[in-house]
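Pasted below: entry_8.tsv, TSV, C-alpha atoms (C1' of nucleotides).
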```
chain	number	residue	atom	x	y	z
A	25	MET	CA	-3.81	-7.39	1.44
A	26	ARG	CA	-4.88	-6.84	-2.11
A	27	PHE	CA	-2.80	-6.77	-5.23
A	28	SER	CA	-2.62	-3.30	-6.75
A	29	LEU	CA	-4.86	-2.03	-9.50
A	30	LYS	CA	-1.66	-1.68	-11.49
A	31	ALA	CA	-1.15	-5.44	-11.33
A	32	ASP	CA	-4.72	-5.85	-12.48
A	33	TYR	CA	-4.19	-3.49	-15.41
A	34	ALA	CA	-1.02	-5.40	-16.29
A	35	LEU	CA	-2.87	-8.71	-16.32
A	36	ARG	CA	-5.79	-7.29	-18.25
A	37	SER	CA	-3.58	-5.78	-20.90
A	38	ALA	CA	-1.40	-8.88	-21.20
A	39	LEU	CA	-4.51	-11.00	-21.64
A	40	ASP	CA	-5.86	-8.44	-24.09
A	41	LEU	CA	-2.68	-8.71	-26.16
A	42	ALA	CA	-2.99	-12.50	-26.10
A	43	LEU	CA	-6.49	-12.10	-27.53
A	44	HIS	CA	-6.09	-9.13	-29.87
A	45	ALA	CA	-2.46	-8.86	-30.96
A	46	SER	CA	-0.06	-11.06	-32.91
A	47	PRO	CA	3.46	-10.73	-34.32
A	48	ALA	CA	1.88	-9.17	-37.42
A	49	GLN	CA	-0.89	-7.20	-35.73
A	50	LEU	CA	0.10	-4.77	-33.01
A	51	ALA	CA	-2.42	-3.35	-30.55
A	52	ARG	CA	-2.45	0.36	-29.73
A	53	THR	CA	-2.37	1.48	-26.11
A	54	SER	CA	-5.57	3.42	-26.63
A	55	ASP	CA	-7.38	0.33	-27.87
A	56	VAL	CA	-6.08	-1.84	-25.04
A	57	ALA	CA	-7.17	0.89	-22.62
A	58	ARG	CA	-10.66	1.04	-24.09
A	59	ARG	CA	-11.10	-2.74	-24.01
A	60	THR	CA	-9.71	-3.26	-20.52
A	61	GLY	CA	-11.17	-0.18	-18.88
A	62	ALA	CA	-7.76	1.12	-17.76
A	63	PRO	CA	-6.88	4.85	-17.92
A	64	ALA	CA	-4.89	5.22	-21.16
A	65	LYS	CA	-2.10	7.37	-19.79
A	66	PHE	CA	-1.59	5.11	-16.82
A	67	LEU	CA	-1.65	2.02	-18.99
A	68	GLU	CA	1.14	3.53	-21.07
A	69	ALA	CA	3.40	3.32	-18.03
A	70	VAL	CA	2.24	-0.20	-17.19
A	71	LEU	CA	2.96	-1.44	-20.71
A	72	GLY	CA	6.39	0.19	-20.40
A	73	GLN	CA	7.07	-1.96	-17.34
A	74	LEU	CA	5.92	-5.09	-19.15
A	75	ARG	CA	8.26	-4.19	-22.01
A	76	ARG	CA	11.24	-3.68	-19.72
A	77	ALA	CA	10.42	-7.03	-18.08
A	78	GLY	CA	10.57	-8.71	-21.49
A	79	ILE	CA	6.92	-9.72	-21.50
A	80	VAL	CA	5.75	-7.49	-24.35
A	81	GLU	CA	7.44	-5.89	-27.34
A	82	SER	CA	6.60	-2.57	-28.86
A	83	GLU	CA	7.08	-0.58	-32.02
A	84	ARG	CA	7.00	3.18	-32.14
A	85	GLY	CA	5.64	5.44	-34.79
A	86	SER	CA	2.37	5.85	-36.53
A	87	ARG	CA	1.66	2.13	-36.95
A	88	GLY	CA	3.16	1.25	-33.60
A	89	GLY	CA	1.73	-0.69	-30.70
A	90	HIS	CA	2.35	-3.70	-28.51
A	91	ARG	CA	2.36	-7.48	-28.77
A	92	LEU	CA	3.44	-10.31	-26.48
A	93	ALA	CA	7.17	-10.97	-26.64
A	94	ARG	CA	6.70	-14.76	-26.54
A	95	PRO	CA	3.85	-17.26	-26.84
A	96	ALA	CA	1.08	-16.84	-24.29
A	97	SER	CA	1.75	-20.41	-23.19
A	98	ARG	CA	5.13	-19.32	-21.86
A	99	ILE	CA	3.97	-16.29	-19.87
A	100	GLY	CA	2.82	-17.06	-16.34
A	101	VAL	CA	0.39	-14.89	-14.44
A	102	GLY	CA	3.01	-14.52	-11.73
A	103	ASP	CA	5.48	-13.10	-14.27
A	104	VAL	CA	3.04	-10.37	-15.20
A	105	ILE	CA	2.29	-9.50	-11.59
A	106	ARG	CA	5.99	-9.35	-10.76
A	107	ALA	CA	6.57	-7.08	-13.74
A	108	ALA	CA	3.93	-4.69	-12.42
A	109	GLU	CA	4.70	-4.78	-8.69
A	110	GLY	CA	8.36	-5.68	-8.54
A	111	PRO	CA	10.24	-8.89	-7.79
A	112	ASP	CA	8.71	-9.26	-4.29
A	113	ALA	CA	5.15	-9.12	-5.58
A	114	LEU	CA	4.41	-12.68	-4.46
A	115	VAL	CA	6.15	-12.35	-1.11
A	116	ILE	CA	3.47	-12.03	1.56
A	117	ARG	CA	5.43	-12.34	4.81
A	118	PRO	CA	5.63	-9.04	6.71
A	119	ALA	CA	8.85	-7.10	6.18
A	120	GLN	CA	11.38	-8.17	8.79
A	121	ARG	CA	13.28	-5.46	10.51
A	122	ARG	CA	16.40	-7.40	11.43
A	123	ILE	CA	17.86	-10.37	9.64
A	124	PRO	CA	18.76	-13.05	12.16
A	125	SER	CA	22.10	-14.73	11.47
A	126	GLY	CA	21.61	-18.45	11.62
A	127	GLY	CA	17.91	-18.08	10.89
A	128	PRO	CA	14.98	-17.38	13.20
A	129	THR	CA	14.41	-19.38	16.38
A	130	GLY	CA	11.45	-20.04	18.68
A	131	GLY	CA	8.17	-18.41	17.74
A	132	ALA	CA	9.80	-16.52	14.90
A	133	ARG	CA	10.81	-19.82	13.35
A	134	ALA	CA	7.27	-21.18	13.52
A	135	LEU	CA	5.93	-18.03	11.86
A	136	HIS	CA	8.68	-18.09	9.24
A	137	GLN	CA	7.56	-21.59	8.35
A	138	LEU	CA	3.94	-20.50	8.20
A	139	TRP	CA	4.68	-17.67	5.77
A	140	THR	CA	6.78	-19.94	3.62
A	141	GLU	CA	3.90	-22.39	3.28
A	142	ALA	CA	1.44	-19.62	2.46
A	143	GLU	CA	3.77	-18.17	-0.16
A	144	ARG	CA	4.16	-21.57	-1.75
A	145	ALA	CA	0.40	-21.98	-1.95
A	146	LEU	CA	-0.05	-18.55	-3.50
A	147	SER	CA	2.75	-18.99	-6.01
A	148	ALA	CA	1.37	-22.34	-7.06
A	149	ALA	CA	-1.98	-20.71	-7.77
A	150	LEU	CA	-0.52	-17.80	-9.75
A	151	ASP	CA	2.66	-19.11	-11.36
A	152	GLY	CA	0.82	-22.25	-12.40
A	153	VAL	CA	-1.52	-20.40	-14.74
A	154	THR	CA	-0.42	-18.94	-18.08
A	155	LEU	CA	-1.91	-16.28	-20.31
A	156	GLU	CA	-2.83	-19.08	-22.70
A	157	ASP	CA	-4.86	-20.73	-19.95
A	158	LEU	CA	-6.70	-17.47	-19.35
A	159	ALA	CA	-7.26	-16.87	-23.06
A	160	ARG	CA	-8.66	-20.37	-23.43
A	161	ARG	CA	-11.06	-19.80	-20.55
A	162	VAL	CA	-12.27	-16.59	-22.13
A	163	GLN	CA	-12.99	-18.30	-25.44
A	164	GLU	CA	-14.54	-21.41	-23.93
A	165	SER	CA	-16.75	-19.70	-21.44
A	166	SER	CA	-18.43	-16.94	-23.33
A	167	GLY	CA	-16.98	-15.89	-26.61
A	168	VAL	CA	-17.16	-12.29	-25.48
A	169	PRO	CA	-13.87	-10.95	-26.83
A	170	ASP	CA	-13.18	-8.06	-24.49
A	171	PHE	CA	-13.60	-7.17	-20.87
A	172	SER	CA	-16.85	-5.30	-20.39
A	173	ILE	CA	-16.62	-5.23	-16.62
B	28	MET	CA	2.01	-7.62	-1.46
B	29	ARG	CA	3.10	-8.24	2.07
B	30	PHE	CA	1.00	-8.52	5.17
B	31	SER	CA	1.50	-5.60	7.52
B	32	LEU	CA	3.88	-5.55	10.45
B	33	LYS	CA	0.78	-5.06	12.54
B	34	ALA	CA	-0.50	-8.48	11.44
B	35	ASP	CA	2.89	-9.90	12.34
B	36	TYR	CA	2.77	-8.31	15.81
B	37	ALA	CA	-0.75	-9.67	16.25
B	38	LEU	CA	0.36	-13.19	15.38
B	39	ARG	CA	3.47	-12.96	17.54
B	40	SER	CA	1.55	-11.75	20.54
B	41	ALA	CA	-1.24	-14.30	20.10
B	42	LEU	CA	1.35	-17.04	19.92
B	43	ASP	CA	3.14	-15.52	22.88
B	44	LEU	CA	-0.08	-15.65	24.91
B	45	ALA	CA	-0.56	-19.27	23.90
B	46	LEU	CA	2.91	-19.99	25.26
B	47	HIS	CA	3.07	-17.69	28.28
B	48	ALA	CA	-0.45	-16.96	29.52
B	49	SER	CA	-3.33	-19.02	30.91
B	50	PRO	CA	-6.72	-18.33	32.47
B	51	ALA	CA	-4.92	-17.97	35.80
B	52	GLN	CA	-1.76	-16.27	34.60
B	53	LEU	CA	-2.15	-13.07	32.59
B	54	ALA	CA	0.67	-11.64	30.51
B	55	ARG	CA	1.48	-7.92	30.68
B	56	THR	CA	1.72	-5.94	27.45
B	57	SER	CA	5.25	-4.91	28.35
B	58	ASP	CA	6.34	-8.53	28.71
B	59	VAL	CA	4.70	-9.57	25.47
B	60	ALA	CA	6.40	-6.64	23.79
B	61	ARG	CA	9.79	-7.60	25.14
B	62	ARG	CA	9.45	-11.22	24.10
B	63	THR	CA	8.08	-10.54	20.63
B	64	GLY	CA	10.20	-7.51	19.77
B	65	ALA	CA	7.18	-5.28	19.14
B	66	PRO	CA	7.07	-1.62	20.28
B	67	ALA	CA	5.12	-1.70	23.55
B	68	LYS	CA	2.85	1.25	22.86
B	69	PHE	CA	1.97	-0.01	19.41
B	70	LEU	CA	1.35	-3.49	20.73
B	71	GLU	CA	-1.13	-2.02	23.20
B	72	ALA	CA	-3.30	-0.97	20.28
B	73	VAL	CA	-2.87	-4.32	18.53
B	74	LEU	CA	-3.95	-6.23	21.64
B	75	GLY	CA	-6.95	-3.89	21.84
B	76	GLN	CA	-7.96	-5.01	18.36
B	77	LEU	CA	-7.55	-8.67	19.30
B	78	ARG	CA	-9.72	-8.05	22.34
B	79	ARG	CA	-12.49	-6.37	20.35
B	80	ALA	CA	-12.31	-9.28	17.89
B	81	GLY	CA	-12.91	-11.69	20.77
B	82	ILE	CA	-9.55	-13.41	20.42
B	83	VAL	CA	-8.03	-12.27	23.70
B	84	GLU	CA	-9.42	-11.15	27.05
B	85	SER	CA	-7.92	-8.56	29.34
B	86	GLU	CA	-8.06	-7.37	32.91
B	87	ARG	CA	-7.19	-3.87	34.01
B	88	GLY	CA	-5.44	-2.72	37.11
B	89	SER	CA	-2.19	-3.47	38.75
B	90	ARG	CA	-2.33	-7.25	38.22
B	91	GLY	CA	-3.89	-6.90	34.80
B	92	GLY	CA	-2.84	-8.28	31.46
B	93	HIS	CA	-4.01	-10.46	28.58
B	94	ARG	CA	-4.82	-14.09	27.89
B	95	LEU	CA	-6.41	-15.96	25.00
B	96	ALA	CA	-10.20	-15.85	25.07
B	97	ARG	CA	-10.53	-19.49	24.01
B	98	PRO	CA	-8.27	-22.52	23.60
B	99	ALA	CA	-5.40	-22.06	21.14
B	100	SER	CA	-6.75	-25.02	19.20
B	101	ARG	CA	-9.79	-22.95	18.29
B	102	ILE	CA	-7.99	-19.82	17.09
B	103	GLY	CA	-6.92	-19.90	13.47
B	104	VAL	CA	-4.05	-17.89	12.10
B	105	GLY	CA	-6.47	-16.30	9.64
B	106	ASP	CA	-8.64	-15.08	12.51
B	107	VAL	CA	-5.71	-13.25	14.05
B	108	ILE	CA	-4.70	-11.67	10.75
B	109	ARG	CA	-8.26	-10.53	10.09
B	110	ALA	CA	-8.45	-9.04	13.56
B	111	ALA	CA	-5.33	-7.00	12.82
B	112	GLU	CA	-5.99	-5.98	9.22
B	113	GLY	CA	-9.75	-6.03	8.94
B	114	PRO	CA	-12.25	-8.47	7.45
B	115	ASP	CA	-10.74	-8.26	3.94
B	116	ALA	CA	-7.27	-9.20	5.12
B	117	LEU	CA	-7.22	-12.42	3.10
B	118	VAL	CA	-8.78	-10.89	0.00
B	119	ILE	CA	-6.02	-10.48	-2.56
B	120	ARG	CA	-7.93	-9.53	-5.73
B	121	PRO	CA	-7.37	-5.89	-6.74
B	122	ALA	CA	-10.12	-3.52	-5.65
B	123	GLN	CA	-12.75	-3.36	-8.35
B	124	ARG	CA	-13.95	0.04	-9.33
B	125	ARG	CA	-17.40	-0.88	-10.58
B	126	ILE	CA	-19.52	-3.83	-9.55
B	127	PRO	CA	-20.89	-5.57	-12.61
B	128	SER	CA	-24.50	-6.61	-12.27
B	129	GLY	CA	-24.80	-10.22	-13.37
B	130	GLY	CA	-21.14	-10.82	-12.71
B	131	PRO	CA	-18.08	-10.19	-14.85
B	132	THR	CA	-17.85	-11.38	-18.43
B	133	GLY	CA	-15.05	-12.04	-20.91
B	134	GLY	CA	-11.52	-11.41	-19.69
B	135	ALA	CA	-12.81	-10.01	-16.42
B	136	ARG	CA	-14.52	-13.31	-15.75
B	137	ALA	CA	-11.33	-15.29	-16.33
B	138	LEU	CA	-9.43	-13.01	-13.97
B	139	HIS	CA	-12.19	-13.17	-11.39
B	140	GLN	CA	-11.85	-16.93	-11.44
B	141	LEU	CA	-8.07	-16.68	-11.12
B	142	TRP	CA	-8.27	-14.48	-8.03
B	143	THR	CA	-10.85	-16.75	-6.47
B	144	GLU	CA	-8.56	-19.74	-6.84
B	145	ALA	CA	-5.61	-17.84	-5.42
B	146	GLU	CA	-7.65	-16.65	-2.44
B	147	ARG	CA	-8.79	-20.18	-1.76
B	148	ALA	CA	-5.20	-21.41	-1.77
B	149	LEU	CA	-4.08	-18.65	0.58
B	150	SER	CA	-6.98	-19.12	2.98
B	151	ALA	CA	-6.36	-22.84	3.11
B	152	ALA	CA	-2.77	-22.18	4.12
B	153	LEU	CA	-3.63	-19.63	6.80
B	154	ASP	CA	-7.07	-20.60	8.11
B	155	GLY	CA	-5.95	-24.22	8.27
B	156	VAL	CA	-3.34	-23.55	10.94
B	157	THR	CA	-4.21	-22.79	14.58
B	158	LEU	CA	-2.27	-21.16	17.37
B	159	GLU	CA	-2.01	-24.60	18.94
B	160	ASP	CA	-0.29	-25.88	15.80
B	161	LEU	CA	2.19	-23.03	16.00
B	162	ALA	CA	2.77	-23.52	19.72
B	163	ARG	CA	3.42	-27.22	19.16
B	164	ARG	CA	5.95	-26.45	16.45
B	165	VAL	CA	7.75	-24.07	18.75
B	166	GLN	CA	8.01	-26.65	21.51
B	167	GLU	CA	8.94	-29.53	19.23
B	168	SER	CA	11.52	-27.76	17.19
B	169	SER	CA	13.68	-25.96	19.65
B	170	GLY	CA	12.45	-25.49	23.16
B	171	VAL	CA	13.41	-21.84	22.95
B	172	PRO	CA	10.46	-20.24	24.73
B	173	ASP	CA	10.42	-16.79	23.19
B	174	PHE	CA	11.06	-15.13	19.88
B	175	SER	CA	14.66	-13.91	19.79
B	176	ILE	CA	14.55	-12.81	16.18
C	30	DA	C1'	-3.36	7.05	48.74
C	31	DG	C1'	-0.29	5.23	45.61
C	32	DT	C1'	1.15	2.32	41.99
C	33	DA	C1'	0.53	-0.52	38.02
C	34	DT	C1'	-1.84	-1.62	34.44
C	35	DT	C1'	-5.30	-1.43	30.41
C	36	DC	C1'	-8.09	1.73	27.49
C	37	DA	C1'	-9.22	5.76	24.44
C	38	DT	C1'	-8.14	9.49	21.47
C	39	DA	C1'	-5.33	12.47	18.84
C	40	DT	C1'	-1.48	13.37	16.14
C	41	DC	C1'	2.31	12.54	12.84
C	42	DA	C1'	6.02	11.37	9.24
C	43	DA	C1'	7.16	8.31	5.64
C	44	DT	C1'	5.73	5.46	2.03
C	45	DT	C1'	2.72	3.69	-1.44
C	46	DT	C1'	-0.93	4.08	-4.75
C	47	DA	C1'	-3.22	5.75	-8.59
C	48	DG	C1'	-3.08	8.70	-11.28
C	49	DT	C1'	-2.08	13.47	-14.62
C	50	DA	C1'	0.81	16.72	-17.57
C	51	DG	C1'	3.88	17.90	-21.07
C	52	DG	C1'	6.74	17.01	-24.36
C	53	DA	C1'	10.65	14.28	-26.86
C	54	DA	C1'	11.65	10.46	-30.05
C	55	DT	C1'	10.30	7.54	-33.74
C	56	DT	C1'	7.88	5.80	-37.73
C	57	DA	C1'	4.54	5.70	-41.56
C	58	DA	C1'	2.01	8.07	-44.74
C	59	DA	C1'	0.51	12.31	-47.51
D	14	DT	C1'	9.47	16.85	-46.57
D	15	DT	C1'	5.99	17.87	-43.75
D	16	DT	C1'	2.27	15.92	-40.94
D	17	DA	C1'	0.06	12.68	-38.11
D	18	DA	C1'	0.18	8.92	-35.04
D	19	DT	C1'	2.19	6.53	-31.88
D	20	DT	C1'	5.53	5.02	-28.04
D	21	DC	C1'	8.75	6.76	-24.55
D	22	DC	C1'	10.47	9.63	-20.71
D	23	DT	C1'	10.41	12.72	-16.73
D	24	DA	C1'	8.19	15.18	-13.42
D	25	DC	C1'	4.45	16.23	-10.47
D	26	DT	C1'	0.39	15.44	-7.25
D	27	DA	C1'	-3.57	14.08	-4.11
D	28	DA	C1'	-5.24	10.56	-1.21
D	29	DA	C1'	-4.73	6.59	1.48
D	30	DT	C1'	-2.05	3.46	4.33
D	31	DT	C1'	1.50	2.19	7.56
D	32	DG	C1'	3.92	2.36	11.71
D	33	DA	C1'	4.28	4.51	14.95
D	34	DT	C1'	4.22	8.35	19.48
D	35	DA	C1'	1.88	11.30	23.13
D	36	DT	C1'	-1.26	12.22	26.66
D	37	DG	C1'	-4.20	11.14	29.88
D	38	DA	C1'	-8.51	8.66	31.68
D	39	DA	C1'	-10.27	4.42	33.82
D	40	DT	C1'	-9.57	0.53	36.71
D	41	DA	C1'	-7.78	-2.52	40.20
D	42	DC	C1'	-4.53	-4.30	43.58
D	43	DT	C1'	-1.69	-3.19	47.94
```
Take the structure in the file and write it out as structure tokens.
Amino acid sequence: MRFSLKADYALRSALDLALHASPAQLARTSDVARRTGAPAKFLEAVLGQLRRAGIVESERGSRGGHRLARPASRIGVGDVIRAAEGPDALVIRPAQRRIPSGGPTGGARALHQLWTEAERALSAALDGVTLEDLARRVQESSGVPDFSI
Amino acid sequence: MRFSLKADYALRSALDLALHASPAQLARTSDVARRTGAPAKFLEAVLGQLRRAGIVESERGSRGGHRLARPASRIGVGDVIRAAEGPDALVIRPAQRRIPSGGPTGGARALHQLWTEAERALSAALDGVTLEDLARRVQESSGVPDFSI
DNA sequence: AGTATTCATATCAATTTAGTAGGAATTAAA
DNA sequence: TTTAATTCCTACTAAATTGATATGAATACT
């Protein structure tokens, strides 16, 4: 039950923009791709999704590129993942085939409760961390400015 | 990023066995299927996986069926999910393409840490609950003996 | 022998994932 | 005003995964 590589590319590029772009200094897709290790053409599409989700801004033309649309402290990791994978990205309960009116009963109710608790735990771990938190960890822990997987 | 329906069927049937089977009283696949709402033929394969994982036991022949292989108090929800989806079922970090020798650095290291925390939170929520816990919740909360989604 | 059950293997359609290709639109610079 | 550099848009594709179904063999009770 892994998150997609696309979500990973989205997080990498968002973190890369937090580290290498600013309102004055845009980052080119090709540079983000090189630093994060993502395929450039694929990353183009991912950055497009982040733009449509309001997480990054872009400028076209020969000095164009991307930057974060708001401070890194106000962008949660969960926001980025949802932008890449869709609004249900953090929903882990198996798809239900029928929707019970009045809510589930019996064993289904116990499982419903279980999934709800697991989703809460996961969301707390992902929505509770911002790009600023990640950027700080990068600078504190090593000083290495890019990814170099 | 949902768990598969197969994992759901596995959990439903394991819980169903906790409620409706015992060392003396086996439950037929067709009955488990009826109570849980799973397709009988598909459930057959799922129960086969649970058997090979050592979670259930079976007997063939005209009085055959399934039962839990050990007390419900010693079967964790995570065990059942792993039996259905494979050993990486609770791994949520995106598949990595290259394995860095010496571990990840820079941004990759920060993300590695993030995924590790999220996986710990998820495992705590799923491995920390047993089939006995679920069975107790079913009996306490409603008395309805089956699923009736 | 006959019936009821689990067990094993093969097959399949739909969806998702992880890309690639080609070019249009836009902006800055020469 | 052309040229170059960039984002943006649409379409396509191969491989893997998911959620099944089909057929029949093996086993055990009556």
For stretch 44-56 of chain C: contacts at 10 Å, all atoms listed in the file, fewer than 5 positions along chain excluded, given as a count of residues only: 26
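Of the listed residues (A:Arg58, A:His136, A:Arg160, A:Arg117), A:Arg117 comes nearest to chain B; the distances count all atoms listed in the file.
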Chain B superposed on chain A over all ordered C-alpha pairs, least squares: can you write that as a compact mmCIF listing (two decimals) with C-alpha atoms, in the coordinates of the input?
```txt
# COMPACT_ATOMS: atom_id res chain seq x y z
CA MET B 28 -3.77 -7.38 1.43
CA ARG B 29 -4.87 -6.84 -2.11
CA PHE B 30 -2.79 -6.76 -5.23
CA SER B 31 -2.60 -3.30 -6.75
CA LEU B 32 -4.84 -2.02 -9.51
CA LYS B 33 -1.65 -1.67 -11.49
CA ALA B 34 -1.14 -5.45 -11.33
CA ASP B 35 -4.72 -5.85 -12.47
CA TYR B 36 -4.18 -3.50 -15.42
CA ALA B 37 -1.01 -5.40 -16.29
CA LEU B 38 -2.85 -8.72 -16.31
CA ARG B 39 -5.79 -7.30 -18.25
CA SER B 40 -3.58 -5.80 -20.90
CA ALA B 41 -1.39 -8.90 -21.20
CA LEU B 42 -4.50 -11.00 -21.65
CA ASP B 43 -5.85 -8.44 -24.07
CA LEU B 44 -2.67 -8.72 -26.16
CA ALA B 45 -2.99 -12.49 -26.11
CA LEU B 46 -6.49 -12.11 -27.51
CA HIS B 47 -6.09 -9.14 -29.85
CA ALA B 48 -2.46 -8.87 -30.96
CA SER B 49 -0.04 -11.06 -32.90
CA PRO B 50 3.47 -10.72 -34.33
CA ALA B 51 1.87 -9.16 -37.41
CA GLN B 52 -0.90 -7.20 -35.73
CA LEU B 53 0.10 -4.77 -32.99
CA ALA B 54 -2.42 -3.36 -30.54
CA ARG B 55 -2.43 0.37 -29.74
CA THR B 56 -2.34 1.47 -26.11
CA SER B 57 -5.55 3.41 -26.62
CA ASP B 58 -7.36 0.31 -27.86
CA VAL B 59 -6.07 -1.84 -25.03
CA ALA B 60 -7.16 0.86 -22.62
CA ARG B 61 -10.64 1.00 -24.07
CA ARG B 62 -11.09 -2.75 -24.00
CA THR B 63 -9.70 -3.27 -20.50
CA GLY B 64 -11.17 -0.19 -18.85
CA ALA B 65 -7.77 1.13 -17.76
CA PRO B 66 -6.87 4.85 -17.93
CA ALA B 67 -4.89 5.20 -21.17
CA LYS B 68 -2.07 7.34 -19.81
CA PHE B 69 -1.57 5.09 -16.82
CA LEU B 70 -1.65 2.01 -19.00
CA GLU B 71 1.15 3.50 -21.08
CA ALA B 72 3.41 3.30 -18.05
CA VAL B 73 2.24 -0.21 -17.19
CA LEU B 74 2.98 -1.46 -20.71
CA GLY B 75 6.41 0.18 -20.39
CA GLN B 76 7.07 -1.97 -17.34
CA LEU B 77 5.93 -5.10 -19.17
CA ARG B 78 8.26 -4.20 -22.01
CA ARG B 79 11.27 -3.70 -19.73
CA ALA B 80 10.42 -7.03 -18.08
CA GLY B 81 10.58 -8.70 -21.50
CA ILE B 82 6.93 -9.72 -21.50
CA VAL B 83 5.77 -7.49 -24.34
CA GLU B 84 7.45 -5.87 -27.34
CA SER B 85 6.59 -2.53 -28.86
CA GLU B 86 7.07 -0.54 -32.01
CA ARG B 87 6.98 3.23 -32.16
CA GLY B 88 5.60 5.47 -34.82
CA SER B 89 2.31 5.85 -36.51
CA ARG B 90 1.64 2.12 -36.96
CA GLY B 91 3.15 1.26 -33.61
CA GLY B 92 1.74 -0.67 -30.70
CA HIS B 93 2.35 -3.71 -28.50
CA ARG B 94 2.37 -7.48 -28.77
CA LEU B 95 3.45 -10.31 -26.49
CA ALA B 96 7.18 -10.98 -26.64
CA ARG B 97 6.72 -14.75 -26.54
CA PRO B 98 3.86 -17.25 -26.85
CA ALA B 99 1.09 -16.84 -24.28
CA SER B 100 1.74 -20.41 -23.19
CA ARG B 101 5.11 -19.32 -21.87
CA ILE B 102 3.97 -16.29 -19.86
CA GLY B 103 2.81 -17.06 -16.36
CA VAL B 104 0.39 -14.91 -14.44
CA GLY B 105 3.02 -14.53 -11.73
CA ASP B 106 5.47 -13.11 -14.25
CA VAL B 107 3.03 -10.38 -15.20
CA ILE B 108 2.28 -9.51 -11.58
CA ARG B 109 5.98 -9.34 -10.75
CA ALA B 110 6.57 -7.10 -13.73
CA ALA B 111 3.93 -4.71 -12.42
CA GLU B 112 4.69 -4.79 -8.69
CA GLY B 113 8.35 -5.69 -8.54
CA PRO B 114 10.24 -8.90 -7.78
CA ASP B 115 8.71 -9.27 -4.29
CA ALA B 116 5.16 -9.14 -5.58
CA LEU B 117 4.38 -12.68 -4.44
CA VAL B 118 6.14 -12.35 -1.10
CA ILE B 119 3.46 -12.03 1.56
CA ARG B 120 5.44 -12.34 4.81
CA PRO B 121 5.62 -9.04 6.72
CA ALA B 122 8.83 -7.10 6.20
CA GLN B 123 11.36 -8.18 8.78
CA ARG B 124 13.22 -5.46 10.55
CA ARG B 125 16.36 -7.37 11.44
CA ILE B 126 17.85 -10.34 9.64
CA PRO B 127 18.74 -13.04 12.12
CA SER B 128 22.06 -14.69 11.43
CA GLY B 129 21.58 -18.44 11.57
CA GLY B 130 17.89 -18.08 10.88
CA PRO B 131 14.97 -17.39 13.19
CA THR B 132 14.40 -19.37 16.36
CA GLY B 133 11.46 -20.04 18.66
CA GLY B 134 8.17 -18.40 17.74
CA ALA B 135 9.81 -16.51 14.90
CA ARG B 136 10.82 -19.82 13.37
CA ALA B 137 7.27 -21.17 13.51
CA LEU B 138 5.95 -18.02 11.86
CA HIS B 139 8.69 -18.10 9.25
CA GLN B 140 7.57 -21.59 8.35
CA LEU B 141 3.93 -20.48 8.21
CA TRP B 142 4.67 -17.67 5.77
CA THR B 143 6.76 -19.95 3.62
CA GLU B 144 3.89 -22.39 3.28
CA ALA B 145 1.44 -19.62 2.47
CA GLU B 146 3.77 -18.17 -0.17
CA ARG B 147 4.17 -21.57 -1.75
CA ALA B 148 0.40 -21.99 -1.95
CA LEU B 149 -0.06 -18.55 -3.50
CA SER B 150 2.75 -18.99 -6.02
CA ALA B 151 1.37 -22.34 -7.07
CA ALA B 152 -1.98 -20.71 -7.78
CA LEU B 153 -0.53 -17.81 -9.75
CA ASP B 154 2.67 -19.11 -11.35
CA GLY B 155 0.82 -22.25 -12.40
CA VAL B 156 -1.52 -20.40 -14.74
CA THR B 157 -0.41 -18.94 -18.09
CA LEU B 158 -1.89 -16.29 -20.32
CA GLU B 159 -2.82 -19.09 -22.70
CA ASP B 160 -4.85 -20.73 -19.95
CA LEU B 161 -6.68 -17.47 -19.35
CA ALA B 162 -7.24 -16.87 -23.06
CA ARG B 163 -8.67 -20.38 -23.43
CA ARG B 164 -11.05 -19.81 -20.55
CA VAL B 165 -12.25 -16.60 -22.12
CA GLN B 166 -12.97 -18.28 -25.44
CA GLU B 167 -14.54 -21.39 -23.94
CA SER B 168 -16.75 -19.70 -21.45
CA SER B 169 -18.42 -16.92 -23.31
CA GLY B 170 -17.02 -15.85 -26.62
CA VAL B 171 -17.21 -12.25 -25.47
CA PRO B 172 -13.94 -10.90 -26.86
CA ASP B 173 -13.22 -8.04 -24.50
CA PHE B 174 -13.60 -7.18 -20.86
CA SER B 175 -16.86 -5.30 -20.37
CA ILE B 176 -16.63 -5.20 -16.60
```
Need the shell around D:DA35: protein/DNA/RNA residues with any atom at most 10 Å away, counting only C-alpha atoms (C1' of nucleotides). Skip same-chain ones fewer than 2 positions apart. Format as a PDB file with C-alpha atoms (C1' of nucleotides), keeping the file's coordinate frame?
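The resulting file, out_36.pdb, is reproduced below:
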```pdb
ATOM      1  C1'  DA C  39      -5.330  12.470  18.840  1.00  0.00           C
ATOM      2  C1'  DT C  40      -1.480  13.370  16.140  1.00  0.00           C
TER       3       DT C  40
ATOM      4  C1'  DG D  37      -4.200  11.140  29.880  1.00  0.00           C
TER       5       DG D  37
END
```
List every residue of chain D that has an atom at most 10 Å from any atom of chain B, giving for each one its closest atom pair and the distance in Å to one decimal, counting all atoms listed in the file, sorted by chain and then by ascending residue number, as JSON lines.
```
{"residue": "D:DT31", "atom": "C1'", "partner": "B:Ser31", "partner_atom": "CA", "distance": 7.8}
{"residue": "D:DG32", "atom": "C1'", "partner": "B:Leu32", "partner_atom": "CA", "distance": 8.0}
{"residue": "D:DA33", "atom": "C1'", "partner": "B:Phe69", "partner_atom": "CA", "distance": 6.8}
{"residue": "D:DT34", "atom": "C1'", "partner": "B:Lys68", "partner_atom": "CA", "distance": 8.0}
{"residue": "D:DA39", "atom": "C1'", "partner": "B:Arg87", "partner_atom": "CA", "distance": 8.8}
{"residue": "D:DT40", "atom": "C1'", "partner": "B:Gly88", "partner_atom": "CA", "distance": 5.3}
{"residue": "D:DA41", "atom": "C1'", "partner": "B:Gly88", "partner_atom": "CA", "distance": 3.9}
{"residue": "D:DC42", "atom": "C1'", "partner": "B:Ser89", "partner_atom": "CA", "distance": 5.4}
{"residue": "D:DT43", "atom": "C1'", "partner": "B:Ser89", "partner_atom": "CA", "distance": 9.2}
```
